[in-house]
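Structure file data-v6.txt (compact mmCIF, C-alpha atoms) follows.
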```txt
# COMPACT_ATOMS: atom_id res chain seq x y z
CA MET G 1 121.41 -92.74 0.97
CA ALA G 2 119.42 -95.99 1.17
CA VAL G 3 120.14 -98.77 -1.31
CA ASN G 4 117.61 -98.40 -4.13
CA TYR G 5 118.90 -100.34 -7.14
CA GLY G 6 118.86 -103.86 -8.49
CA SER G 7 116.82 -106.25 -6.40
CA LYS G 8 116.27 -103.55 -3.77
CA ARG G 9 114.66 -101.14 -6.23
CA VAL G 10 111.21 -99.98 -5.06
CA VAL G 11 108.86 -100.28 -8.02
CA VAL G 12 105.63 -99.18 -6.36
CA GLY G 13 104.52 -96.25 -4.25
CA ALA G 14 105.45 -92.60 -4.50
CA HIS G 15 109.25 -92.98 -5.04
CA TYR G 16 110.80 -89.54 -4.57
CA GLY G 17 107.39 -87.88 -4.90
CA PHE G 18 108.61 -84.87 -6.85
CA ARG G 19 106.85 -85.63 -10.14
CA ASP G 20 103.51 -86.15 -8.40
CA TRP G 21 103.95 -83.08 -6.15
CA LEU G 22 104.63 -80.93 -9.20
CA SER G 23 101.94 -82.51 -11.38
CA GLN G 24 99.26 -81.83 -8.76
CA ARG G 25 100.26 -78.18 -8.66
CA VAL G 26 100.53 -77.78 -12.44
CA THR G 27 97.14 -79.42 -13.03
CA ALA G 28 95.65 -77.31 -10.23
CA VAL G 29 96.86 -74.07 -11.83
CA LEU G 30 95.51 -75.17 -15.23
CA MET G 31 92.10 -75.93 -13.72
CA ALA G 32 92.04 -72.63 -11.80
CA LEU G 33 92.79 -70.64 -14.96
CA PHE G 34 90.14 -72.57 -16.88
CA THR G 35 87.61 -71.81 -14.13
CA LEU G 36 88.28 -68.08 -14.47
CA VAL G 37 87.94 -68.25 -18.27
CA LEU G 38 84.67 -70.20 -17.96
CA LEU G 39 83.33 -67.84 -15.30
CA ALA G 40 84.08 -64.84 -17.52
CA GLN G 41 82.17 -66.39 -20.42
CA VAL G 42 79.19 -67.22 -18.21
CA ILE G 43 79.02 -63.70 -16.77
CA LEU G 44 79.49 -61.98 -20.14
CA GLY G 45 77.29 -64.43 -22.05
CA GLY G 46 73.97 -62.68 -21.53
CA PRO G 47 70.80 -64.13 -19.99
CA ALA G 48 71.30 -67.55 -18.38
CA GLY G 49 69.79 -70.48 -20.25
CA TYR G 50 70.59 -73.30 -22.63
CA ASP G 51 71.58 -71.08 -25.58
CA SER G 52 74.28 -69.07 -23.85
CA TRP G 53 75.60 -72.13 -21.97
CA ALA G 54 75.83 -74.40 -25.04
CA ALA G 55 77.36 -71.60 -27.09
CA ILE G 56 80.36 -71.54 -24.74
CA PHE G 57 81.23 -75.17 -25.46
CA SER G 58 80.52 -74.94 -29.18
CA ARG G 59 83.64 -72.85 -29.70
CA GLN G 60 86.53 -75.01 -30.92
CA TRP G 61 89.15 -73.38 -28.69
CA MET G 62 86.91 -73.92 -25.67
CA LYS G 63 86.48 -77.59 -26.56
CA VAL G 64 90.25 -78.00 -26.67
CA ALA G 65 90.70 -76.13 -23.37
CA THR G 66 87.98 -78.22 -21.68
CA PHE G 67 89.62 -81.39 -23.02
CA VAL G 68 92.95 -80.39 -21.47
CA VAL G 69 91.23 -79.66 -18.15
CA ILE G 70 89.41 -83.01 -18.17
CA LEU G 71 92.75 -84.79 -18.51
CA ALA G 72 94.31 -82.50 -15.89
CA LEU G 73 91.48 -83.32 -13.49
CA ALA G 74 91.89 -87.06 -14.03
CA TRP G 75 95.63 -86.87 -13.31
CA HIS G 76 95.16 -84.54 -10.32
CA ALA G 77 92.46 -86.79 -8.82
CA TRP G 78 94.54 -89.93 -9.45
CA VAL G 79 97.52 -88.57 -7.48
CA GLY G 80 95.22 -87.44 -4.67
CA MET G 81 93.33 -90.71 -4.38
CA ARG G 82 96.52 -92.77 -4.68
CA ASP G 83 97.88 -90.83 -1.69
CA VAL G 84 94.67 -91.51 0.26
CA TRP G 85 94.80 -95.24 -0.45
CA MET G 86 98.51 -95.33 0.48
CA ASP G 87 97.73 -93.65 3.80
CA TYR G 88 94.71 -95.72 4.86
CA ILE G 89 94.86 -99.12 3.15
CA LYS G 90 97.87 -101.11 4.27
CA PRO G 91 97.10 -104.59 2.84
CA VAL G 92 98.63 -104.60 -0.63
CA GLY G 93 95.96 -106.68 -2.38
CA LEU G 94 93.14 -104.46 -1.10
CA ARG G 95 95.03 -101.31 -2.08
CA LEU G 96 95.63 -102.69 -5.56
CA VAL G 97 91.88 -103.26 -5.98
CA ALA G 98 91.18 -99.69 -4.82
CA GLN G 99 93.75 -98.26 -7.23
CA VAL G 100 92.43 -100.22 -10.20
CA ALA G 101 88.87 -99.16 -9.36
CA THR G 102 90.04 -95.53 -9.07
CA ILE G 103 91.70 -95.62 -12.49
CA ALA G 104 88.68 -97.25 -14.11
CA TRP G 105 86.40 -94.66 -12.46
CA LEU G 106 88.50 -91.72 -13.66
CA VAL G 107 89.04 -93.05 -17.18
CA GLY G 108 85.32 -93.74 -17.52
CA CYS G 109 84.29 -90.27 -16.33
CA ALA G 110 86.92 -88.60 -18.53
CA GLY G 111 85.83 -90.58 -21.58
CA TRP G 112 82.17 -89.73 -21.01
CA ALA G 113 82.95 -86.02 -20.61
CA VAL G 114 85.07 -85.98 -23.77
CA GLN G 115 82.28 -87.70 -25.68
CA VAL G 116 79.84 -85.00 -24.55
CA LEU G 117 82.24 -82.30 -25.76
CA TRP G 118 82.66 -83.66 -29.27
CA ARG G 119 79.05 -84.55 -29.75
CA LEU G 120 78.19 -80.84 -29.81
CA MET T 1 107.71 -93.71 6.14
CA ALA T 2 111.23 -94.32 7.47
CA GLU T 3 112.14 -97.96 7.73
CA LEU T 4 113.41 -99.29 11.05
CA SER T 5 117.06 -100.25 10.86
CA LYS T 6 117.74 -103.92 11.29
CA ALA T 7 119.86 -103.24 14.41
CA ARG T 8 118.70 -104.95 17.57
CA THR T 9 117.94 -101.84 19.63
CA THR T 10 115.79 -101.75 22.75
CA ARG T 11 113.05 -99.92 20.80
CA ASN T 12 112.76 -102.25 17.84
CA ILE T 13 111.12 -105.31 19.36
CA GLY T 14 109.93 -108.01 17.02
CA GLY T 15 109.94 -105.63 14.06
CA LYS T 16 107.60 -103.15 15.79
CA ASP T 17 108.65 -99.60 16.68
CA THR T 18 107.98 -99.31 20.44
CA ARG T 19 109.05 -95.67 20.93
CA PRO T 20 106.34 -93.62 22.66
CA GLY T 21 104.09 -92.03 20.08
CA ALA T 22 104.95 -94.53 17.35
CA ASN T 23 102.24 -96.55 15.58
CA MET T 24 99.72 -93.77 16.15
CA ARG T 25 96.46 -94.49 14.37
CA LEU T 26 93.90 -92.07 12.97
CA LEU T 27 91.64 -92.72 15.97
CA ASP T 28 94.46 -91.83 18.37
CA ALA T 29 95.28 -88.64 16.48
CA LEU T 30 91.68 -87.49 16.81
CA GLN T 31 91.95 -87.50 20.63
CA TYR T 32 94.09 -84.35 20.48
CA PRO T 33 92.62 -80.85 19.98
CA LEU T 34 93.49 -80.19 16.36
CA PRO T 35 94.83 -76.77 15.27
CA LEU T 36 92.72 -74.88 12.73
CA ALA T 37 95.24 -75.65 10.00
CA ALA T 38 94.89 -79.38 10.71
CA LYS T 39 91.09 -79.23 10.44
CA LEU T 40 91.45 -77.35 7.16
CA SER T 41 93.87 -79.96 5.89
CA ILE T 42 91.69 -82.99 6.61
CA LEU T 43 88.73 -81.15 5.05
CA HIS T 44 90.92 -80.53 2.00
CA ARG T 45 91.31 -84.31 1.69
CA ALA T 46 87.63 -84.98 2.47
CA SER T 47 86.38 -82.44 -0.07
CA GLY T 48 88.63 -83.96 -2.72
CA MET T 49 87.30 -87.43 -2.00
CA LEU T 50 83.68 -86.18 -2.05
CA MET T 51 84.17 -84.69 -5.51
CA PHE T 52 85.87 -87.90 -6.67
CA PHE T 53 82.93 -90.07 -5.64
CA LEU T 54 80.38 -87.62 -7.09
CA LEU T 55 82.27 -87.30 -10.39
CA PRO T 56 79.71 -89.29 -12.44
CA PHE T 57 76.98 -86.97 -11.16
CA ILE T 58 79.12 -83.97 -12.15
CA VAL T 59 79.67 -85.38 -15.65
CA TRP T 60 75.94 -86.12 -15.92
CA MET T 61 75.17 -82.48 -15.06
CA PHE T 62 77.57 -81.36 -17.79
CA ASP T 63 76.09 -83.83 -20.30
CA ALA T 64 72.44 -83.00 -19.59
CA SER T 65 72.99 -79.23 -19.46
CA VAL T 66 74.91 -78.90 -22.71
CA THR T 67 73.62 -81.57 -25.12
CA SER T 68 70.24 -80.16 -26.17
CA GLU T 69 67.37 -77.95 -25.02
CA VAL T 70 65.40 -81.09 -24.14
CA SER T 71 68.21 -82.51 -22.00
CA PHE T 72 68.69 -79.04 -20.47
CA ASP T 73 65.07 -79.10 -19.32
CA GLY T 74 65.70 -82.52 -17.80
CA PHE T 75 68.72 -81.03 -16.03
CA THR T 76 66.80 -78.13 -14.50
CA SER T 77 63.81 -80.29 -13.58
CA ALA T 78 66.11 -82.61 -11.59
CA PHE T 79 66.50 -79.78 -9.08
CA VAL T 80 62.75 -79.24 -8.86
CA ALA T 81 61.01 -82.56 -9.46
CA GLY T 82 63.95 -84.77 -8.53
CA ILE T 83 65.42 -87.88 -10.20
CA GLY T 84 63.49 -91.14 -9.78
CA PHE T 85 62.55 -91.45 -6.12
CA VAL T 86 65.06 -88.79 -5.00
CA PRO T 87 63.29 -85.43 -4.43
CA GLY T 88 64.56 -82.18 -5.95
CA PHE T 89 65.40 -80.81 -2.50
CA VAL T 90 67.90 -83.66 -1.93
CA ILE T 91 69.47 -83.04 -5.35
CA LYS T 92 69.93 -79.40 -4.36
CA LEU T 93 71.56 -80.49 -1.08
CA VAL T 94 73.98 -82.71 -3.00
CA ALA T 95 74.75 -79.78 -5.30
CA LEU T 96 75.37 -77.57 -2.25
CA ALA T 97 77.76 -80.18 -0.85
CA LEU T 98 79.60 -80.14 -4.19
CA ILE T 99 79.71 -76.34 -4.17
CA TRP T 100 81.24 -76.36 -0.69
CA ALA T 101 83.65 -79.17 -1.61
CA TYR T 102 84.87 -77.37 -4.73
CA LEU T 103 85.27 -73.98 -3.04
CA HIS T 104 87.01 -75.40 0.04
CA HIS T 105 89.33 -77.59 -2.02
CA ALA T 106 90.22 -74.81 -4.47
CA VAL T 107 90.84 -72.08 -1.88
CA ALA T 108 92.81 -74.46 0.38
CA GLY T 109 94.74 -75.48 -2.74
CA VAL T 110 95.58 -71.84 -3.49
CA ARG T 111 96.74 -71.62 0.14
CA HIS T 112 99.16 -74.50 -0.63
CA LEU T 113 100.50 -72.62 -3.65
CA TRP T 114 100.82 -69.49 -1.50
CA MET T 115 102.78 -71.46 1.11
CA ASP T 116 105.01 -72.88 -1.64
CA ALA T 117 105.73 -69.47 -3.13
CA THR T 118 106.19 -67.40 0.03
CA HIS T 119 107.42 -70.12 2.44
CA SER T 120 104.84 -68.90 4.94
CA VAL T 121 104.84 -72.08 7.01
CA SER T 122 105.11 -70.83 10.60
CA LYS T 123 102.39 -71.81 13.08
CA GLN T 124 100.95 -68.29 13.13
CA GLN T 125 100.91 -67.99 9.35
CA GLY T 126 99.38 -71.44 9.07
CA HIS T 127 96.63 -70.38 11.45
CA SER T 128 95.87 -67.04 9.78
CA SER T 129 95.90 -68.45 6.25
CA ALA T 130 93.64 -71.30 7.39
CA MET T 131 91.23 -68.77 8.91
CA ALA T 132 91.22 -66.75 5.67
CA THR T 133 90.51 -69.92 3.69
CA PHE T 134 87.52 -70.85 5.85
CA VAL T 135 86.09 -67.32 5.72
CA ILE T 136 86.39 -67.02 1.92
CA SER T 137 85.17 -70.50 1.05
CA ILE T 138 82.25 -70.53 3.50
CA ALA T 139 81.13 -67.02 2.48
CA LEU T 140 81.09 -68.03 -1.21
CA THR T 141 79.32 -71.30 -0.34
CA VAL T 142 76.60 -69.42 1.54
CA ALA T 143 76.19 -66.93 -1.33
CA LEU T 144 75.96 -69.61 -4.04
CA GLY T 145 73.79 -71.80 -1.82
CA ALA T 146 71.34 -68.95 -1.29
CA LYS T 147 71.14 -68.49 -5.06
CA LEU T 148 70.64 -72.24 -5.54
CA PHE T 149 67.80 -72.41 -3.04
CA GLY T 150 66.16 -69.33 -4.53
CA LEU T 151 66.71 -67.02 -1.57
CA PHE T 152 67.62 -64.20 -3.99
```
Same coordinates, now as structure tokens:
Amino acid sequence: MAVNYGSKRVVVGAHYGFRDWLSQRVTAVLMALFTLVLLAQVILGGPAGYDSWAAIFSRQWMKVATFVVILALAWHAWVGMRDVWMDYIKPVGLRLVAQVATIAWLVGCAGWAVQVLWRL
Amino acid sequence: MAELSKARTTRNIGGKDTRPGANMRLLDALQYPLPLAAKLSILHRASGMLMFFLLPFIVWMFDASVTSEVSFDGFTSAFVAGIGFVPGFVIKLVALALIWAYLHHAVAGVRHLWMDATHSVSKQQGHSSAMATFVISIALTVALGAKLFGLF
């Protein structure tokens, strides 16, 4: 086993990768289940239009579920994009900029979506 | 990536790995005929990145469609009259790209979960599951795209 403690400890990158591997799968399953639940409500909601669509997201349990999925998406996308940057951008400074921009992008989109949910 | 040992071997010259096939770049990898599973895999990454970069547009669609009847009308008119100087047809194309990206990414993702659960990782299984993924995701994309463009 390689030396990985003290001054040789790696503090960046994917480390053993297990947490991220599992978190991508867990968030994926959550989002897939949410998609089925949403699809069912759309199909069973009657004629398509604003009323039936807005009614779905006015239910408190649906707001909570959507909130969970928004966070799951942000985490899932972060792991994915971090892997992409690690694969294609070797210079550390450039990769750091890309990662910071990615986090700001995801946090901004998540915040906006959550605001939409609780404005209803 | 494995680190080169510090030993002075004939293949570790000046810190660079000189074994044949080492230091392969993306451009080099593309010179080989890729198996179907490899094409599916890179499209899995590409579709994920596409959705990431279009995320503000996706959130805007959610916002406009759900906030009020007035904003809902703005949402539907974007696909007919367009947004600013961008015509409605282009907006529909972007939406179609998102539909494909989501379906491909989700079905290829389920394929990953399937491979995790059943350990079906042989070359033949990789090929057949990749084929199934393409068929399912492209069929659904065509169906939803036809609905989007008003073909039925």
Nearest residue to Val69 of chain G from the set G:Leu39, G:Leu120, G:Ala113, G:Ala2 (distances using all atoms listed in the file): G:Ala113
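When the distance limit is 8 Å and all atoms listed in the file are what count, the residues near segment 89-92 of chain T, minus those fewer than 2 positions from it on the same chain, are Ala78, Phe79, Val80, Gly82, Ile83, Val86, Pro87, Val94, Ala95, Leu96, Leu148 and Phe149 of chain T.
The residues of chain G lying at most 8 Å from chain T, with only C-alpha atoms taken into account, are G:Arg25, G:Ala28, G:Ala32, G:Tyr50, G:Trp53, G:Ala54, G:Phe57, G:Ala77, G:Gly80, G:Met81, G:Cys109, G:Trp112, G:Ala113, G:Val116, G:Arg119, G:Leu120.
The spacing separating atom CA of Thr76 of chain T from atom CA of Ile56 of chain G amounts to 18.2 Å.
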What lies within 9 Å of Thr141 of chain T using all atoms listed in the file, ignoring chain neighbours under 4 positions off, as a list in words? Leu96, Ile99, Trp100, Leu103, His104, Ile136, Ser137, Gly145 and Ala146 of chain T
Keeping only C-alpha atoms, take the residues you just selected and write them out as a PDB file, keeping the file's coordinate frame.
```pdb
ATOM      1  CA  LEU T  96      75.370 -77.570  -2.250  1.00  0.00           C
ATOM      2  CA  ILE T  99      79.710 -76.340  -4.170  1.00  0.00           C
ATOM      3  CA  TRP T 100      81.240 -76.360  -0.690  1.00  0.00           C
ATOM      4  CA  LEU T 103      85.270 -73.980  -3.040  1.00  0.00           C
ATOM      5  CA  HIS T 104      87.010 -75.400   0.040  1.00  0.00           C
ATOM      6  CA  ILE T 136      86.390 -67.020   1.920  1.00  0.00           C
ATOM      7  CA  SER T 137      85.170 -70.500   1.050  1.00  0.00           C
ATOM      8  CA  GLY T 145      73.790 -71.800  -1.820  1.00  0.00           C
ATOM      9  CA  ALA T 146      71.340 -68.950  -1.290  1.00  0.00           C
TER      10      ALA T 146
END
```
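Atom pair atom CA of Lys63 of chain G / atom CA of Val79 of chain G has a distance of 24.6 Å (rounded to one decimal).
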Given all atoms listed in the file as the basis, pick out the residue of T:Lys147, T:Lys123, T:Arg19, T:His105 nearest to Ala37 of chain T. T:Lys123
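Between atom CA of Tyr88 of chain G and atom CA of Met31 of chain G there is a distance of 27.3 Å.
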With distances taken over all atoms listed in the file, which residue among G:Gly17, G:Leu22, G:Gly45, G:Ala104 lies nearest Trp78 of chain G? G:Ala104
